[in-house]
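See below for the structure under consideration.
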Amino acid sequence: MKIKKIEKRAFVMALMLLVLVAPVAFAQSGAYDWAQAGVPLHASYPGVIRAYVAVNSPRLMKINCLRIDMHEATLRLLTTGRKTNWVDGSSETMTKRTRDFVSESQSGNRKVVAAINASPWNLTNAGASVAANLTGLAVSRGTLVSSWQANYPSFVVMSNGVPAIIKPSSAPGAMKSAVTGFSQVLSNGAVLGNTSTLHPRTVIGVSEDARYVFFMTVDGRATMWSQGATENEVGAWLKHFGAYNGINMDGGGSTTMAWWNPASGGSAQLLNVPRANVISTGNPPTAEERYNGNNIGVFYVAQPVMQSLELGSNFTATLRWSSKPDYTYTLWRTTNLATGFTVRQTGIPGGSSVGTYTDAMGVAAAMFWKVELEE
């Protein structure tokens, strides 16, 4: 039985270490004022704002919440992919600490800037990287990692880039990303969940207009720092931060939020204080990080920039654009901008730095093309 477990841009800026001082509150009331109280995670991370709140009532709680703007043109979400020799339903991913998920991504094209732990999994060894079998639906970069299971709610990003909380009754349609939780704690604005059991918590929420995604953690197992929260409480906090729907992810010792701090050459650092084992009396306690079945994080894409167009014989056109080898691209074209573009070719592999495609126009005509990144 499974248990819980950039259009191309150049930036010139001074890197600053973000220092947050937590406002002390007794309970949430009304809606959180992101414009006044939220702080950008970093100047080079557009669309990601952090809230950090310390609560004294009904008990000590330290709450971290990232509001992620899915309308930010270059922002995307990444989840843990399949392991080598993947087997659905038994050996799906390799467990990894959330900080490692962030730091190891820096060597590739999808450089994660902030992440949390995600789905429950069959916990066998919390202190080492081992094969994991996830609970419920998981999708990474459009590829199935774990099949859906009835009665488990999932956070998904559909193929059109729109995020949602769903509870599939059958295999869902095409999507870019998916992770699954234990239960829904916020449904169409109504707070749900038990009101008695305290644990460290990881939750994911989506705003009513689907513009914002919320990654939230509540620390626990630390009597002088943060004593955990109930399902109902994290649902209420998600609503306070602006979510309309939300789910309780793998929590307890798994609860982790980390980010990539560009200062001093860059490093993956914790935003919360994970407690994987016994209750601590430290203030703050010592962080104890668990290897988790999967993680989900934010990264930014480099959108292609058209470099040249060369007309050839027999009504052909060779297009070249900036590209990266680990990406694929879709070519669109039209003879009339007023009527919109249609897909000409998908899955065009990126070159080492320049993508190329020769299009047969067929007839002499005014033609317009555009290239888009696939994920």
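For the structure tokens, the naming scheme is as follows: chains receive sequential letters (A, B, ...) according to their order of presentation, residues are indexed from 1 within each chain, and ligands are indexed from 1 in presentation order.
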
Q. Which residues in stretch 104-325 of chain A does DSSP call alpha helix (DSSP H)? List them as a ChimeraX atom specification.
A. /A:104-105,231-241

(Q) Using only C-alpha atoms, which protein or nucleic acid residues come within 10 Å of A:Tyr152? Drop anything in the same chain fewer than 2 positions from it, and give the result as a PyMOL selection string. (A) chain A and resi 135-137+148-150+154+166-169+180-184+247

Q: Rank A:Tyr45, A:Trp321, A:Ala190, A:Trp369 by their smallest atom-to-atom distance to A:Thr335, using only C-alpha atoms, and report the top residue only.
A: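 Checking each of A:Tyr45, A:Trp321, A:Ala190, A:Trp369 against A:Thr335, counting only C-alpha atoms, the winner is A:Trp369.
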
Q | Nearest-residue call for A:Ala229, choices A:Asp250, A:Ser29, A:Ser196, A:Lys83, using only C-alpha atoms | A | A:Ser196

Q) Residues at most 8 Å from A:Ser254, counting only C-alpha atoms, excluding those fewer than 6 positions away in the same chain, as a ChimeraX atom specification? A) /A:5,117,274-276,289-292

Please produce a file of the residues just selected, as a compact mmCIF listing (two decimals), in the first residue's frame, where the atoms kept are N, CA and C atoms.
```
# COMPACT_ATOMS: atom_id res chain seq x y z
N LYS A 5 3.65 9.55 2.03
CA LYS A 5 4.92 10.07 1.68
C LYS A 5 4.48 11.40 1.16
N ASN A 117 8.65 19.82 -2.84
CA ASN A 117 8.35 18.40 -3.01
C ASN A 117 6.93 18.26 -3.50
N PRO A 274 12.89 21.84 6.74
CA PRO A 274 12.33 20.48 6.74
C PRO A 274 12.70 19.72 8.01
N ARG A 275 11.76 18.91 8.47
CA ARG A 275 12.01 18.06 9.63
C ARG A 275 11.60 16.65 9.29
N ALA A 276 12.58 15.84 8.90
CA ALA A 276 12.28 14.50 8.42
C ALA A 276 12.06 13.49 9.53
N GLU A 289 16.66 16.98 5.57
CA GLU A 289 16.06 16.86 4.24
C GLU A 289 15.85 15.41 3.84
N ARG A 290 14.70 15.14 3.28
CA ARG A 290 14.34 13.80 2.83
C ARG A 290 14.52 13.69 1.31
N TYR A 291 14.88 12.51 0.86
CA TYR A 291 14.86 12.20 -0.57
C TYR A 291 13.40 11.91 -0.94
N ASN A 292 12.84 12.72 -1.85
CA ASN A 292 11.42 12.65 -2.18
C ASN A 292 11.15 11.97 -3.53
```
